[in-house]
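Structure record follows, encoded as structure tokens.
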Amino acid sequence: MALTWGGWLFLGVWILRTGAEISITPEPARPAEGNNATLVVRGLSGDLLAYNWYAGPTLSLTFLVVSYIVSTGDETPGPAHTGREAVRPDGSLDIHGVLPRHSGTYILQTLNRQFQTEVGYGHMQVYEILAPPTVMANGTALVERRDTLRLLCSSPSPAEVRWFFNGDVLPIAVRLGLSPDGRTLTRHGVRREEAGAYQCEVWNPVSVSRSEPLNLTVYFGPERVAILQDSTTRTGCTIKVDFNSSLTLRCVSRSCPEPEYIWAFNGRALKNGQDHLNISSMAPAHEGTYTCIAKNTKTLLSGSASVVVKLTAAAVTTMIVPVPTKPTEGQDVTLTVQGYPKDLLVYAWYRGPVSEPNRLISQLPSGNWIAGPANTGREVGFANCSLLVQKLNLTDAGRYTLKTITLQGKTDMLEVELQVTCE
């Protein structure tokens, strides 16, 4: 028990009531950092001499904020005075520009003319104005199903935390990876649908602040590799193309990032690093299996798709095209055979109609060449049935006939007219 009237110290003297009548309420009820607040006192009784205000859980001199004499209005700051407190005549306590450290329990002790004391208790929570938090990550580019995502909402404030994904509240499935305090988000085996913008938000009853977005990329694939022709999937199919027509094959896949593409023809790599392959003029040499291989440099995965390309039945019709089409005297000309039979057994070239005296050259099943009676030494045959005539003269102009015999014994003859012009 202590009572010092001249020095205004009366920690405990004949205490009548302990908070039974006096109520202390902060106004505003949720003061924000920097605002003015008042601890409003209600329920005071009797003719009072003085007030003591304490900022702490007990009537201790250490927690004494201020002592106030009602008759004179004199205030004496205590050890806990911060320079912001002032007592009103009705006993209420004004605090100018409250700070978070002003939060806590407050006790008002009154002294009446009978030197009896009465105490009342109140509590004030000061909420800080929150600064934007920061989202920190263990990585912003991860591989699907392999890497773990860890996001931390960094803020010096102990405020509550909310997470947002692409501007919306975090989906329930992702929220399952939150730590108990809500500040850490962990996703084992991250998925592609979790790629996007992540933000966290700290909040209290008087302030809300959201972070800048952190963008997450999730690498995956390639998968569902397919080859398209005119936007139609042709993977595993046979594509039939007319002779001399064009063909474009396009390789597609689901992948992040876009994969590298490698094309192969009949198992041999082609010099083409694009997602498409063009054949400008379809010929028998272009028939075969085309394979597209997609490689992802981030996931280190790959996938492939293949198609078979063949000439249509009409395309195998044999035709002869002179190259150049109008050679001059002294030039070489190649009578190029397009669409020659693939099951060829033998063939022969003739100058004019088919007859032995007109035979220029023949190829036997063994692959050997035999010069005919009409051979001038300037004629050369090729495996694809084409005929080269070197150093033309005007007498070389005229009709040439190609005779082919297949393994099935089918015989065909095809003619072409060669024109030779003067230099």
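Just so we're on the same page: first chain in the structure tokens is A, next is B, and so on; residues restart at 1 for each chain, and ligands are numbered from 1 in the order they show up.
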
Residues at most 9 Å from A:Gln274, counting only C-alpha atoms, excluding those fewer than 6 positions away in the same chain, as a short mmCIF file (atom, residue, chain, number, x, y, z; two decimals) with all heavy atoms, in the first residue's frame?
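Saved result, part.cif, follows:
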```cif
data_model
loop_
_atom_site.label_atom_id
_atom_site.label_comp_id
_atom_site.auth_asym_id
_atom_site.auth_seq_id
_atom_site.Cartn_x
_atom_site.Cartn_y
_atom_site.Cartn_z
N ARG A 250 3.86 -29.98 -91.58
CA ARG A 250 4.11 -29.12 -90.43
C ARG A 250 4.09 -29.96 -89.15
O ARG A 250 3.19 -30.77 -88.95
CB ARG A 250 3.07 -28.01 -90.34
CG ARG A 250 3.35 -26.99 -89.24
CD ARG A 250 2.41 -25.80 -89.36
NE ARG A 250 2.56 -25.14 -90.63
CZ ARG A 250 3.49 -24.22 -90.89
NH1 ARG A 250 4.37 -23.90 -89.95
NH2 ARG A 250 3.56 -23.65 -92.07
N CYS A 251 5.09 -29.75 -88.31
CA CYS A 251 5.21 -30.49 -87.06
C CYS A 251 4.70 -29.62 -85.91
O CYS A 251 5.09 -28.46 -85.78
CB CYS A 251 6.67 -30.88 -86.82
SG CYS A 251 6.88 -32.10 -85.51
N GLU A 260 12.89 -27.61 -80.29
CA GLU A 260 13.69 -27.65 -81.51
C GLU A 260 13.18 -28.80 -82.37
O GLU A 260 12.84 -29.86 -81.85
CB GLU A 260 15.16 -27.86 -81.17
CG GLU A 260 15.78 -26.72 -80.39
CD GLU A 260 17.24 -26.99 -80.06
OE1 GLU A 260 17.71 -28.12 -80.33
OE2 GLU A 260 17.90 -26.08 -79.52
N TYR A 261 13.13 -28.58 -83.69
CA TYR A 261 12.60 -29.60 -84.59
C TYR A 261 13.71 -30.14 -85.49
O TYR A 261 14.54 -29.38 -86.00
CB TYR A 261 11.47 -29.03 -85.45
CG TYR A 261 10.22 -28.71 -84.67
CD1 TYR A 261 9.90 -27.39 -84.34
CD2 TYR A 261 9.36 -29.71 -84.26
CE1 TYR A 261 8.75 -27.09 -83.63
CE2 TYR A 261 8.22 -29.43 -83.54
CZ TYR A 261 7.92 -28.11 -83.22
OH TYR A 261 6.79 -27.82 -82.52
N ILE A 262 13.69 -31.47 -85.65
CA ILE A 262 14.61 -32.14 -86.56
C ILE A 262 13.78 -33.04 -87.47
O ILE A 262 12.94 -33.81 -86.99
CB ILE A 262 15.64 -32.99 -85.79
CG1 ILE A 262 16.46 -32.10 -84.84
CG2 ILE A 262 16.56 -33.73 -86.75
CD1 ILE A 262 17.35 -32.89 -83.91
N TRP A 263 14.01 -32.92 -88.78
CA TRP A 263 13.30 -33.76 -89.75
C TRP A 263 14.24 -34.85 -90.27
O TRP A 263 15.44 -34.61 -90.46
CB TRP A 263 12.79 -32.93 -90.93
CG TRP A 263 11.63 -32.05 -90.58
CD1 TRP A 263 11.67 -30.77 -90.14
CD2 TRP A 263 10.25 -32.41 -90.67
NE1 TRP A 263 10.40 -30.30 -89.92
CE2 TRP A 263 9.50 -31.28 -90.25
CE3 TRP A 263 9.57 -33.57 -91.04
CZ2 TRP A 263 8.11 -31.28 -90.20
CZ3 TRP A 263 8.18 -33.57 -91.00
CH2 TRP A 263 7.47 -32.44 -90.59
#
```

(message) If we count only C-alpha atoms and set the cut-off at 12 Å, which residues sit around A:Ile293, ignoring sequence neighbours fewer than 3 positions away in its own chain? Please answer as a ChimeraX atom specification.
(response) /A:222-227,250-253,259-265,267-270,272-276,290,296,301-306

(message) Can you tell me which residues surround stretch 183-199 of chain A at a distance of at most 6 Å, considering only C-alpha atoms, apart from same-chain residues fewer than 3 positions away, and format the answer as a ChimeraX atom specification?
(response) /A:144-153,163-166,177-179,211,213-218

(request) Work out how far apart atom CA of A:Arg101 and atom CA of A:Gly34 are and give it in Å to one decimal. (result) 11.6 Å

(message) Need to verify the contact set: stretch 44-56 of chain A, 6 Å, only C-alpha atoms, exclusion of same-chain residues closer than 6 positions in sequence. Can you return it as an NGL selection string?
(response) :A and (22 or 63-70 or 105-112)

Could you write out the selected residues, including C-alpha atoms, as a short mmCIF file (atom, residue, chain, number, x, y, z; two decimals), in the first residue's frame?
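The file below, out17.cif, is the result:
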```cif
data_model
loop_
_atom_site.label_atom_id
_atom_site.label_comp_id
_atom_site.auth_asym_id
_atom_site.auth_seq_id
_atom_site.Cartn_x
_atom_site.Cartn_y
_atom_site.Cartn_z
CA ILE A 22 -15.13 2.08 -14.82
CA PHE A 63 4.27 1.54 -16.32
CA LEU A 64 3.11 4.96 -15.03
CA VAL A 65 2.31 7.22 -17.99
CA VAL A 66 0.99 10.35 -16.32
CA SER A 67 -0.54 11.66 -13.08
CA TYR A 68 -3.25 14.34 -13.23
CA ILE A 69 -4.65 16.71 -10.54
CA VAL A 70 -8.29 17.46 -11.27
CA THR A 105 -3.35 -2.89 -21.62
CA TYR A 106 -4.13 0.47 -19.98
CA ILE A 107 -5.13 1.01 -16.33
CA LEU A 108 -6.79 4.12 -14.90
CA GLN A 109 -6.43 4.62 -11.15
CA THR A 110 -8.57 7.33 -9.50
CA LEU A 111 -8.33 8.96 -6.04
CA ASN A 112 -11.37 10.52 -4.36
#
```

So that I can check the secondary structure, give me every residue of stretch 55-208 of chain A assigned helix (DSSP H, G or I) by backbone DSSP, as a JSON list (two decimals) with all heavy atoms, in the first residue's frame.
```json
[["chain", "number", "residue", "atom", "x", "y", "z"],
["A", 61, "LEU", "N", 5.15, 1.48, -10.92],
["A", 61, "LEU", "CA", 5.71, 2.78, -11.27],
["A", 61, "LEU", "C", 6.36, 2.74, -12.66],
["A", 61, "LEU", "O", 6.35, 3.73, -13.39],
["A", 61, "LEU", "CB", 6.72, 3.22, -10.21],
["A", 61, "LEU", "CG", 7.38, 4.58, -10.41],
["A", 61, "LEU", "CD1", 6.32, 5.69, -10.43],
["A", 61, "LEU", "CD2", 8.41, 4.85, -9.33],
["A", 62, "THR", "N", 6.88, 1.56, -13.03],
["A", 62, "THR", "CA", 7.53, 1.43, -14.35],
["A", 62, "THR", "C", 6.54, 1.72, -15.47],
["A", 62, "THR", "O", 6.91, 2.26, -16.52],
["A", 62, "THR", "CB", 8.10, 0.02, -14.51],
["A", 62, "THR", "OG1", 8.99, -0.26, -13.44],
["A", 62, "THR", "CG2", 8.82, -0.15, -15.83],
["A", 63, "PHE", "N", 5.28, 1.38, -15.27],
["A", 63, "PHE", "CA", 4.27, 1.54, -16.32],
["A", 63, "PHE", "C", 3.50, 2.85, -16.21],
["A", 63, "PHE", "O", 2.60, 3.08, -17.01],
["A", 63, "PHE", "CB", 3.27, 0.38, -16.24],
["A", 63, "PHE", "CG", 3.91, -0.98, -16.42],
["A", 63, "PHE", "CD1", 3.62, -2.01, -15.53],
["A", 63, "PHE", "CD2", 4.80, -1.22, -17.46],
["A", 63, "PHE", "CE1", 4.20, -3.26, -15.68],
["A", 63, "PHE", "CE2", 5.38, -2.47, -17.60],
["A", 63, "PHE", "CZ", 5.09, -3.49, -16.72],
["A", 100, "PRO", "N", 2.49, 1.63, -33.14],
["A", 100, "PRO", "CA", 2.20, 0.24, -32.74],
["A", 100, "PRO", "C", 2.61, -0.06, -31.31],
["A", 100, "PRO", "O", 1.99, -0.89, -30.63],
["A", 100, "PRO", "CB", 3.01, -0.59, -33.74],
["A", 100, "PRO", "CG", 3.06, 0.27, -34.97],
["A", 100, "PRO", "CD", 3.17, 1.68, -34.46],
["A", 101, "ARG", "N", 3.66, 0.62, -30.80],
["A", 101, "ARG", "CA", 4.08, 0.34, -29.43],
["A", 101, "ARG", "C", 3.10, 0.87, -28.38],
["A", 101, "ARG", "O", 3.26, 0.58, -27.18],
["A", 101, "ARG", "CB", 5.47, 0.92, -29.17],
["A", 101, "ARG", "CG", 5.60, 2.43, -29.32],
["A", 101, "ARG", "CD", 7.09, 2.80, -29.30],
["A", 101, "ARG", "NE", 7.32, 4.21, -29.56],
["A", 101, "ARG", "CZ", 7.53, 5.12, -28.62],
["A", 101, "ARG", "NH1", 7.47, 4.76, -27.35],
["A", 101, "ARG", "NH2", 7.77, 6.38, -28.93],
["A", 102, "HIS", "N", 2.12, 1.66, -28.83],
["A", 102, "HIS", "CA", 1.09, 2.10, -27.90],
["A", 102, "HIS", "C", 0.02, 1.02, -27.67],
["A", 102, "HIS", "O", -0.92, 1.22, -26.90],
["A", 102, "HIS", "CB", 0.41, 3.38, -28.40],
["A", 102, "HIS", "CG", 1.27, 4.60, -28.26],
["A", 102, "HIS", "ND1", 1.77, 5.28, -29.36],
["A", 102, "HIS", "CD2", 1.74, 5.24, -27.16],
["A", 102, "HIS", "CE1", 2.50, 6.31, -28.93],
["A", 102, "HIS", "NE2", 2.50, 6.31, -27.60],
["A", 172, "ILE", "N", -8.15, -23.57, -54.23],
["A", 172, "ILE", "CA", -8.11, -24.44, -53.06],
["A", 172, "ILE", "C", -6.98, -25.46, -53.18],
["A", 172, "ILE", "O", -6.24, -25.71, -52.23],
["A", 172, "ILE", "CB", -9.45, -25.15, -52.86],
["A", 172, "ILE", "CG1", -10.54, -24.13, -52.50],
["A", 172, "ILE", "CG2", -9.35, -26.22, -51.78],
["A", 172, "ILE", "CD1", -11.92, -24.71, -52.36],
["A", 173, "ALA", "N", -6.81, -26.06, -54.36],
["A", 173, "ALA", "CA", -5.81, -27.11, -54.53],
["A", 173, "ALA", "C", -4.42, -26.59, -54.24],
["A", 173, "ALA", "O", -3.57, -27.29, -53.70],
["A", 173, "ALA", "CB", -5.88, -27.68, -55.95],
["A", 174, "VAL", "N", -4.16, -25.34, -54.57],
["A", 174, "VAL", "CA", -2.85, -24.76, -54.32],
["A", 174, "VAL", "C", -2.72, -24.32, -52.87],
["A", 174, "VAL", "O", -1.66, -24.41, -52.27],
["A", 174, "VAL", "CB", -2.60, -23.58, -55.29],
["A", 174, "VAL", "CG1", -1.24, -22.95, -55.04],
["A", 174, "VAL", "CG2", -2.71, -24.05, -56.74],
["A", 175, "ARG", "N", -3.82, -23.89, -52.28],
["A", 175, "ARG", "CA", -3.78, -23.45, -50.89],
["A", 175, "ARG", "C", -3.38, -24.59, -49.95],
["A", 175, "ARG", "O", -2.90, -24.36, -48.85],
["A", 175, "ARG", "CB", -5.14, -22.89, -50.46],
["A", 175, "ARG", "CG", -5.45, -21.52, -51.02],
["A", 175, "ARG", "CD", -6.43, -20.81, -50.13],
["A", 175, "ARG", "NE", -7.66, -21.54, -49.92],
["A", 175, "ARG", "CZ", -8.74, -21.40, -50.69],
["A", 175, "ARG", "NH1", -8.72, -20.58, -51.71],
["A", 175, "ARG", "NH2", -9.83, -22.08, -50.43],
["A", 192, "ARG", "N", 1.98, -27.55, -64.91],
["A", 192, "ARG", "CA", 1.94, -26.46, -65.90],
["A", 192, "ARG", "C", 0.82, -25.47, -65.64],
["A", 192, "ARG", "O", 0.95, -24.28, -65.94],
["A", 192, "ARG", "CB", 1.81, -27.04, -67.32],
["A", 192, "ARG", "CG", 0.46, -27.67, -67.63],
["A", 192, "ARG", "CD", 0.48, -28.43, -68.93],
["A", 192, "ARG", "NE", 1.29, -29.63, -68.83],
["A", 192, "ARG", "CZ", 1.43, -30.50, -69.83],
["A", 192, "ARG", "NH1", 0.82, -30.29, -70.98],
["A", 192, "ARG", "NH2", 2.19, -31.57, -69.68],
["A", 193, "GLU", "N", -0.31, -25.97, -65.10],
["A", 193, "GLU", "CA", -1.43, -25.07, -64.84],
["A", 193, "GLU", "C", -1.14, -24.12, -63.67],
["A", 193, "GLU", "O", -1.92, -23.19, -63.43],
["A", 193, "GLU", "CB", -2.70, -25.87, -64.56],
["A", 193, "GLU", "CG", -2.62, -26.85, -63.42],
["A", 193, "GLU", "CD", -2.19, -28.24, -63.86],
["A", 193, "GLU", "OE1", -1.63, -28.36, -64.98],
["A", 193, "GLU", "OE2", -2.42, -29.20, -63.09],
["A", 194, "GLU", "N", -0.03, -24.34, -62.98],
["A", 194, "GLU", "CA", 0.35, -23.45, -61.89],
["A", 194, "GLU", "C", 1.30, -22.35, -62.34],
["A", 194, "GLU", "O", 1.76, -21.55, -61.54],
["A", 194, "GLU", "CB", 0.97, -24.27, -60.75],
["A", 194, "GLU", "CG", -0.06, -25.15, -60.07],
["A", 194, "GLU", "CD", 0.54, -26.30, -59.28],
["A", 194, "GLU", "OE1", 1.78, -26.43, -59.22],
["A", 194, "GLU", "OE2", -0.25, -27.09, -58.74]]
```

(message) With only C-alpha atoms as the counted atoms, please give the residues lying no more than 8 Å from A:Phe220, apart from itself and same-chain residues fewer than 4 positions off, as a ChimeraX atom specification.
(response) /A:143-144,192,255-257,299

Would you export the selected residues with N, CA, C and O atoms as a PDB file, in the first residue's frame, please?
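Output (again.pdb):
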```
ATOM      1  N   VAL A 143      10.696 -27.067 -64.000  1.00  0.00           N
ATOM      2  CA  VAL A 143      10.319 -28.176 -64.891  1.00  0.00           C
ATOM      3  C   VAL A 143       9.158 -28.938 -64.264  1.00  0.00           C
ATOM      4  O   VAL A 143       9.214 -29.311 -63.079  1.00  0.00           O
ATOM      5  N   GLU A 144       8.133 -29.185 -65.061  1.00  0.00           N
ATOM      6  CA  GLU A 144       6.933 -29.851 -64.569  1.00  0.00           C
ATOM      7  C   GLU A 144       7.247 -31.238 -64.009  1.00  0.00           C
ATOM      8  O   GLU A 144       8.041 -31.991 -64.593  1.00  0.00           O
ATOM      9  N   ARG A 192       1.976 -27.549 -64.915  1.00  0.00           N
ATOM     10  CA  ARG A 192       1.942 -26.459 -65.902  1.00  0.00           C
ATOM     11  C   ARG A 192       0.816 -25.473 -65.641  1.00  0.00           C
ATOM     12  O   ARG A 192       0.950 -24.281 -65.937  1.00  0.00           O
ATOM     13  N   SER A 255       4.366 -27.954 -75.880  1.00  0.00           N
ATOM     14  CA  SER A 255       5.669 -27.841 -75.247  1.00  0.00           C
ATOM     15  C   SER A 255       5.904 -26.421 -74.778  1.00  0.00           C
ATOM     16  O   SER A 255       5.428 -25.462 -75.382  1.00  0.00           O
ATOM     17  N   CYS A 256       6.625 -26.284 -73.684  1.00  0.00           N
ATOM     18  CA  CYS A 256       7.103 -24.992 -73.196  1.00  0.00           C
ATOM     19  C   CYS A 256       8.527 -25.193 -72.700  1.00  0.00           C
ATOM     20  O   CYS A 256       8.755 -25.996 -71.792  1.00  0.00           O
ATOM     21  N   PRO A 257       9.497 -24.490 -73.312  1.00  0.00           N
ATOM     22  CA  PRO A 257       9.336 -23.562 -74.435  1.00  0.00           C
ATOM     23  C   PRO A 257       9.121 -24.310 -75.744  1.00  0.00           C
ATOM     24  O   PRO A 257       9.101 -25.540 -75.757  1.00  0.00           O
ATOM     25  N   THR A 299      13.420 -29.365 -70.575  1.00  0.00           N
ATOM     26  CA  THR A 299      13.017 -30.600 -69.892  1.00  0.00           C
ATOM     27  C   THR A 299      13.900 -31.783 -70.270  1.00  0.00           C
ATOM     28  O   THR A 299      13.853 -32.828 -69.623  1.00  0.00           O
TER      29      THR A 299
END
```

(message) Report, in Å with one decimal, the straight-line distance from atom CA of A:Glu423 to atom CA of A:Arg378.
(response)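 Between atom CA of A:Glu423 and atom CA of A:Arg378 the gap is 19.2 Å.
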
(request) Would you kindly return, as JSON, numbers by chain, each protein, DNA or RNA residue with an atom no farther than 7 Å from any atom of A:Val333, considering only C-alpha atoms and excluding same-chain residues fewer than 2 positions away? (result) {"A": [322, 323, 324, 327, 331, 335, 388, 389, 390]}

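Proximity to A:Ile320 was assessed for A:Val420, A:Leu414, A:Leu344, A:Leu142 counting only C-alpha atoms; the smallest distance is recorded for A:Leu414.
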